Amino acid sequence: MNTSLKPSDISKPSDCLCHIEPGELSLLPPPYEDFNQTAIPPLKPEKIKNIEASLDDTVAIGIPKPASAEEEKELVHQFLCGLKKLFEKENNWTFLQPLLLSMEHCAKCQTCSNACPVYEMSGRKEIHRPIFRAEVLRRIYKKYLKPGGKITAKLTGDIDLNWTTIARLAELSYRCTLCRRCATVCPIGVDNGLINHEIRKLFSQEMGIAPKELHEKGTVQHLRVGSTTGMNPLAAKDSAEFIQEEMEEIAGYKVEIPWDVEGADILLLHNAGEMLAWPENVGAFAIIFQAAGISWTLSSEAAGYDAVNYGLWYDDVQFSRVAVKHADIARRLKVKKIVMGECGHAHKALTVIADRLLTGDLNIPRESAMVTLENIVLNGKLQFDPLKNNFPVTLHDPCNMVRSMGIVEPQRRILRKIAPRFREMTPHGVENYCCGGGSGFAIMSGYNFAEWRNLVSSRKKFLQILNAFEDEPQDVPKYVCAPCSNCKGTIRDMINYYHAEKRSGLHYGGLVELIVNALAGMKKPIIRFGEKPSWEL
Amino acid sequence: MGFYVLSYLCIAVFIIATGCLIYRQLSFPLHVRWEIYPVRHETIARVAYGGSYMEELNWWGKKYKSSLINELKYMVPEILFLRGLWKENRNLWWLSFPFHFGMYLMIATFALLLLHAFFTLWGLPVFAAGGSVSILLSGLIVVTGWSGLILGNIGSIGVLYKRMTEAELRNYSSFGDYFNILFIFLFFLSAFITCLFFDPFLAGAKAYTLGLLTGGHSLNSYMPGQSVSGSLAIVSASLLVAYIPLTHMSHMYMKYFLYHDVKWDDAPNLPGGKIEAAIKNNLKFKPTWKAKHIEADGQKSWKDIAAAAPKEMK
């Protein structure tokens with residue numbers, strides 16, 4: 001165990017504060033032993049010569065190195081200005097009380113550490129303790145913002161503030177998936193995940209520093225073009241047309257995807273990534289809603305066909321802009337409610353966080369698709385043949401939907417009805433482990449970040465999945481049900497990375513695919529193990 | 001008299017500091033929801049697995065229910081017995097529990113001493129010397145007092161030793177953290193020595209508490225200074241009372257806000273309600289964040305900014 005690093009070491013210049021040697025990561029069981037000696041591929045010197053990369057073996061942001069000492073000084077100044085604003089109600093009314101409570105009451109008991117999958121899987125590297133980055137921020141806050149802090153720092157915990165500290169802290173805020181398991185176990189109620197979230201906000205909102213995938217290609221593109229995928233409204237409608245054709249081809253079911261139906265009961269918000277990567281998910285929703293006779297619609301307005309809100313992870317202002325846009329589209333369509341498709345962070349963003357942002361006629365009721373689907377599946381309107389799903393199924397709990405929203409049982413009640421070989425992971429429900437792609441990691445792949453994710457942050461989930469199926473023969477196809485686009489993407493990458501389809505028969509997909517697969521009247525199965533869908537050929 | 005003045009001052013600091021802490025919590029602007037499940041004021045059935053009211057179809061059409069009893073059923077054992085630590089960090093619990101429970105027992109002892117002092121001052125017949133109430137109360141004071149001191153001493157030495165010897169605790173500990181534990185240990189040790197050698201039945205503690213209520217003028221008041229350890233116990237206890245709310249050790253009771261106001265705050269924003277009114281006020285704040293994409297100029301409100309798409313990328 002590496003316990004030699006202290007929070008104050010973050011400010012001491014070195015090429016790499018924390019390196020993971022081959023063999024230090026938590027061990028994987030057979031037949032994955034060959035990955036136990038795998039190291040994170042080294043960053044190419046020519047790629048990182050102009051960016052800050054001294055934290056560890058990967059890079060999430062790629063902050064340009066300051067050109068001069070003056071520039072460094074200016075950046076340190078900007079950081080302190082931003083830090084001050086985190087503690088002002090005008091700038092941070094959104095999280096001021098929770099942040100201060102967590103900043104002021106930590107007893108440093110380390111109970112949080114054992115709950116953190118990144119810390120555990122990294123071989124218990126010190127920088128991955130939930131408290132490490134929180135303690136760095138706490139010390140800077142006390143020393144540089146509290147009256148007399150420079151004197152009392154010797155007593156309360158000292159730290160040097162320089163560009164190295166800041167650059168590393170920015171990167172370090174993107175080594176935590178914001179799964180908030182640490183907050184669940186803290187006996188006091190301190191939330192190190194929240195402190196990490198606030199660090200990200202400081203960098204984005206004051207200094208304009210954030211990963212490209214979240215900001216430029218994320219929220220900015222979402223608001224400008226209509227989707228973080230880059231799809232404009234025309235392309236989204238084209239995709240839906242393609243999906244209709246594919247559903248008829250694959251499942252033998254003629255489905256109509258309704259657009260912009262004013263006064264519909266439901267505005268369904270999909271993560272637009274589904275349209276491109278998993279069109280069968282969008283098609284399956286359409287089949288279920290159509291078969292159940294639901295009055296529903298999609299929106300073709302920019303941002304209205306993409307439920308994501310990456311602002312949730314790094315920027316309250318961008319978050320607010322996207323949330324307001326979503327609500328305004330629903331308001332103008334005069335729908336009775338918004339139903340969130342299979343996207344965990346979009347669930348939490350619009351249902352929970354935006355609940356204290358939307359007022360008046362923007363406060364349209366929002367519901368989880370898990371709940372809507374449960375009502376359809378269990379109310380007897382549709383007939384099912386569960387034996388069509390007669391293969392081992394386990395359920396991944398998306399953190400944002402389950403731990404942060406308490407949507408736990410509806411999806412399970414559905415699975416108990418339609419998947420006879422459903423089994424839980426250990427632990428599950430609100431104690432679940434993150435897929436490893438939380439807080440934006442699923443879509444971040446610059447430099448070697450995808451390898452870091454597969455090897456470190458996704459490792460615990462991979463172990464959980466293997467354990468859930470350990471009683472099944474290797475050659476039996478197994479289905480990991482992940483009702484969240486980002487989790488699904490992460491699980492897809494992990495299956496590919498570890499060759500787990502070949503070695504363990506692992507497959508993955510959403511919940512609606514399983515529902516449609518079990519529908520009694522369907523001519524063809526929508527889930528076909530081992531067959532590549534037409535859009536991947 | 002100096003001891004009494006010190007105690008009064010320290011109690012005043014405690015009341016003012018705690019009042020400020022609580023007032024600050026009550027005066028923060030309403031924050032966005034950041035609850036984490038299980039939310040303990042949900043129904044028993046949902047608490048069992050961590051479910052929420054959002055699991056219901058059209059939940060907004062149903063009455064929002066929140067049970068303070070269910071919250072307290074979790075919160076009281078959590079505060080008293082540290083059950084979160086028992087579940088998640090058992091090794092530390094064996095030391096942290098006696099440390100904390102020792103302090104709680106000392107608070108309980110002080111409450112009993114106050115009760116004793118009130119009864120003495122009022123001269124109630126039911127409390128006559130040798131009566132059953134008097135014997136019971138005196139017995140309780142001895143039991144809680146001794147138990148608290150024994151647990152507190154064991155706990156303080158234990159947590160101090162653990163923090164000094166385990167790297168994962170030591171690397172995050174400052175001088176202040178050790179000082180806090182030593183300060184508490186000083187009180188427990190001095191009070192323990194006093195009880196052991198000079199005052200096994202806490203008669204001095206009873207008399208000092210009586211003196212606190214009478215400005216030291218009651219005939220039965222304790223005259224501090226009869227032993228060095230007794231004086232030290234009074235001084236350290238008084239200073240601790242003032243010191244705790246000024247440090248992170250106030251988590252003993254500020255935990256209520258961490259749980260009730262953040263972890264379990266799932267109250268939905270219903271049209272026309274108090275929450276909506278608070279949000280409207282929050283949206284009037286004028287941020288000054290400097291990143292270009294925020295486009296804040298100190299004049300635009302959160303509402304203006306949220307309604308506009310950014311022109312700048314960075």
# chains A, B, ... in the order shown; residues from 1 in each chain; ligands from 1
>>> interface_residues(of="chain A", to="chain B", cutoff="6 Å", atoms="only C-alpha atoms", output="CSV table (one decimal) with C-alpha atoms, in the first residue's frame")
chain,number,residue,atom,x,y,z
A,6,LYS,CA,0.6,13.6,1.9
A,90,GLU,CA,-24.3,35.2,-5.5
A,91,ASN,CA,-22.0,32.9,-7.3
A,93,TRP,CA,-26.2,29.5,-4.1
A,94,THR,CA,-26.7,26.2,-5.8
A,95,PHE,CA,-24.3,24.3,-3.5
A,104,GLU,CA,-15.9,22.2,7.8
A,105,HIS,CA,-16.8,18.9,9.4
A,111,THR,CA,-14.1,5.6,6.3
A,155,LEU,CA,-1.5,24.3,13.0
A,156,THR,CA,-4.4,23.2,10.8
A,157,GLY,CA,-2.5,21.7,7.9
A,187,PRO,CA,-20.7,8.7,9.4
A,188,ILE,CA,-20.8,12.5,9.5
A,189,GLY,CA,-22.4,13.1,6.2
A,205,GLN,CA,-16.7,28.7,-14.3
A,206,GLU,CA,-13.8,30.9,-13.4
A,207,MET,CA,-10.8,29.7,-15.5
A,208,GLY,CA,-12.5,28.1,-18.5
A,320,SER,CA,-28.9,25.5,-16.1
A,321,ARG,CA,-28.9,26.5,-19.7
A,353,ILE,CA,-31.1,19.0,-9.7
A,355,ASP,CA,-36.1,20.8,-9.6
A,356,ARG,CA,-34.6,23.8,-7.7
A,371,VAL,CA,-41.6,3.9,-13.7
A,403,ARG,CA,-28.2,6.2,-5.4
A,404,SER,CA,-29.0,9.8,-6.3
A,406,GLY,CA,-34.0,6.3,-5.2
A,407,ILE,CA,-35.3,4.7,-8.4
A,408,VAL,CA,-34.4,1.1,-7.4
>>> closest_residue(among="A:Val190, A:Val516, A:Ala272, A:Leu333", to="Ile418 in chain A", atoms="only C-alpha atoms")
A:Val516
>>> select_by_dssp(residues="range 178-296 of chain B", states="alpha helix (DSSP H)", output="ChimeraX atom specification")
/B:178-197,203-214,228-243,251-257,274-282
>>> residues_around(residues="Lys417 in chain A", least_positions_apart="6", cutoff="9 Å", atoms="only C-alpha atoms", output="MDAnalysis selection string")
chainID A and resid 377:378 384 386
>>> write_last_selection(atoms="N, CA and C atoms", output="PDB file, in the first residue's frame")
ATOM      1  N   VAL A 377     -45.576  -2.665 -18.212  1.00  0.00           N
ATOM      2  CA  VAL A 377     -45.273  -4.104 -18.177  1.00  0.00           C
ATOM      3  C   VAL A 377     -46.140  -4.841 -17.154  1.00  0.00           C
ATOM      4  N   LEU A 378     -46.373  -4.194 -16.032  1.00  0.00           N
ATOM      5  CA  LEU A 378     -47.078  -4.910 -14.962  1.00  0.00           C
ATOM      6  C   LEU A 378     -48.596  -4.716 -14.983  1.00  0.00           C
ATOM      7  N   PHE A 384     -46.499 -11.101 -22.282  1.00  0.00           N
ATOM      8  CA  PHE A 384     -45.076 -11.446 -22.357  1.00  0.00           C
ATOM      9  C   PHE A 384     -44.855 -12.952 -22.309  1.00  0.00           C
ATOM     10  N   PRO A 386     -41.802 -14.770 -20.937  1.00  0.00           N
ATOM     11  CA  PRO A 386     -40.486 -14.602 -20.305  1.00  0.00           C
ATOM     12  C   PRO A 386     -39.449 -15.593 -20.808  1.00  0.00           C
TER      13      PRO A 386
END
>>> residues_around(residues="Ile195 in chain A", least_positions_apart="5", cutoff="10 Å", atoms="only C-alpha atoms", output="PDB file with C-alpha atoms, in the first residue's frame")
ATOM      1  CA  PHE A  95     -24.289  24.316  -3.500  1.00  0.00           C
ATOM      2  CA  PRO A  98     -23.695  21.548   1.255  1.00  0.00           C
ATOM      3  CA  LEU A  99     -20.176  22.644   0.325  1.00  0.00           C
ATOM      4  CA  LEU A 100     -19.514  24.515   3.556  1.00  0.00           C
ATOM      5  CA  SER A 102     -18.597  19.209   3.958  1.00  0.00           C
ATOM      6  CA  MET A 103     -15.601  21.540   4.083  1.00  0.00           C
ATOM      7  CA  PRO A 130     -11.762  10.548  -1.711  1.00  0.00           C
ATOM      8  CA  ILE A 131     -10.323  12.763   1.009  1.00  0.00           C
ATOM      9  CA  ARG A 133      -8.362  16.213  -3.191  1.00  0.00           C
ATOM     10  CA  ALA A 134     -10.891  17.418  -0.629  1.00  0.00           C
ATOM     11  CA  GLU A 135      -8.124  17.949   1.892  1.00  0.00           C
ATOM     12  CA  LEU A 137      -8.897  22.210  -1.321  1.00  0.00           C
ATOM     13  CA  ARG A 138      -9.690  22.484   2.388  1.00  0.00           C
ATOM     14  CA  SER A 173     -10.882  16.292 -10.102  1.00  0.00           C
ATOM     15  CA  LEU A 178     -18.785  11.363  -8.656  1.00  0.00           C
ATOM     16  CA  VAL A 190     -19.458  14.736   4.527  1.00  0.00           C
ATOM     17  CA  ARG A 200     -14.483  21.114 -11.352  1.00  0.00           C
ATOM     18  CA  LYS A 201     -16.922  24.039 -11.269  1.00  0.00           C
TER      19      LYS A 201
END
>>> atom_distance(atom1="CA of Arg503 in chain A", atom2="CA of Pro477 in chain A")
10.6 Å
>>> closest_residue(among="A:Arg175, A:Ile376, A:Ala323, A:Ile338", to="Ile287 in chain A", atoms="only C-alpha atoms")
A:Ile376
>>> residues_around(residues="Gly152 in chain B", least_positions_apart="3", cutoff="12 Å", atoms="only C-alpha atoms", output="number ranges by chain")
B: 95-107, 144-149, 155-160, 181-192
>>> atom_distance(atom1="CA of Lys337 in chain A", atom2="CA of Arg412 in chain A")
23.2 Å
>>> residues_around(residues="Tyr314 in chain A", least_positions_apart="3", cutoff="9 Å", atoms="only C-alpha atoms", output="list of chain:residue names")
A:His197, A:Glu198, A:Ile199, A:Arg200, A:Lys201, A:Leu202, A:Phe203, A:Ser204, A:Gln205, A:Ala210, A:Leu214, A:His215, A:Tyr310, A:Gly311, A:Gln318, A:Phe319, A:Ser439
>>> write_last_selection(atoms="C-alpha atoms", output="JSON list (two decimals), in the first residue's frame")
[["chain", "number", "residue", "atom", "x", "y", "z"],
["A", 197, "HIS", "CA", -17.75, 18.55, -8.18],
["A", 198, "GLU", "CA", -17.12, 22.03, -6.82],
["A", 199, "ILE", "CA", -13.45, 21.88, -7.78],
["A", 200, "ARG", "CA", -14.48, 21.11, -11.35],
["A", 201, "LYS", "CA", -16.92, 24.04, -11.27],
["A", 202, "LEU", "CA", -14.27, 26.44, -10.04],
["A", 203, "PHE", "CA", -12.00, 25.54, -12.94],
["A", 204, "SER", "CA", -14.73, 25.74, -15.54],
["A", 205, "GLN", "CA", -16.70, 28.74, -14.34],
["A", 210, "ALA", "CA", -12.70, 21.64, -18.54],
["A", 214, "LEU", "CA", -17.66, 17.86, -21.65],
["A", 215, "HIS", "CA", -17.47, 21.50, -22.64],
["A", 310, "TYR", "CA", -23.06, 17.37, -19.13],
["A", 311, "GLY", "CA", -23.21, 20.56, -17.07],
["A", 318, "GLN", "CA", -24.08, 25.31, -18.54],
["A", 319, "PHE", "CA", -26.23, 22.89, -16.58],
["A", 439, "SER", "CA", -19.20, 12.03, -14.39]]
>>> select_by_dssp(residues="range 326-424 of chain A", states="strand (DSSP E or B)", output="list of chain:residue names")
A:Lys337, A:Ile338, A:Val339, A:Met340, A:Arg366, A:Glu367, A:Ser368, A:Phe384, A:Val393, A:Thr394, A:Leu395, A:Phe422, A:Arg423
>>> atom_distance(atom1="CA of Trp94 in chain B", atom2="CA of Gly123 in chain A")
26.5 Å
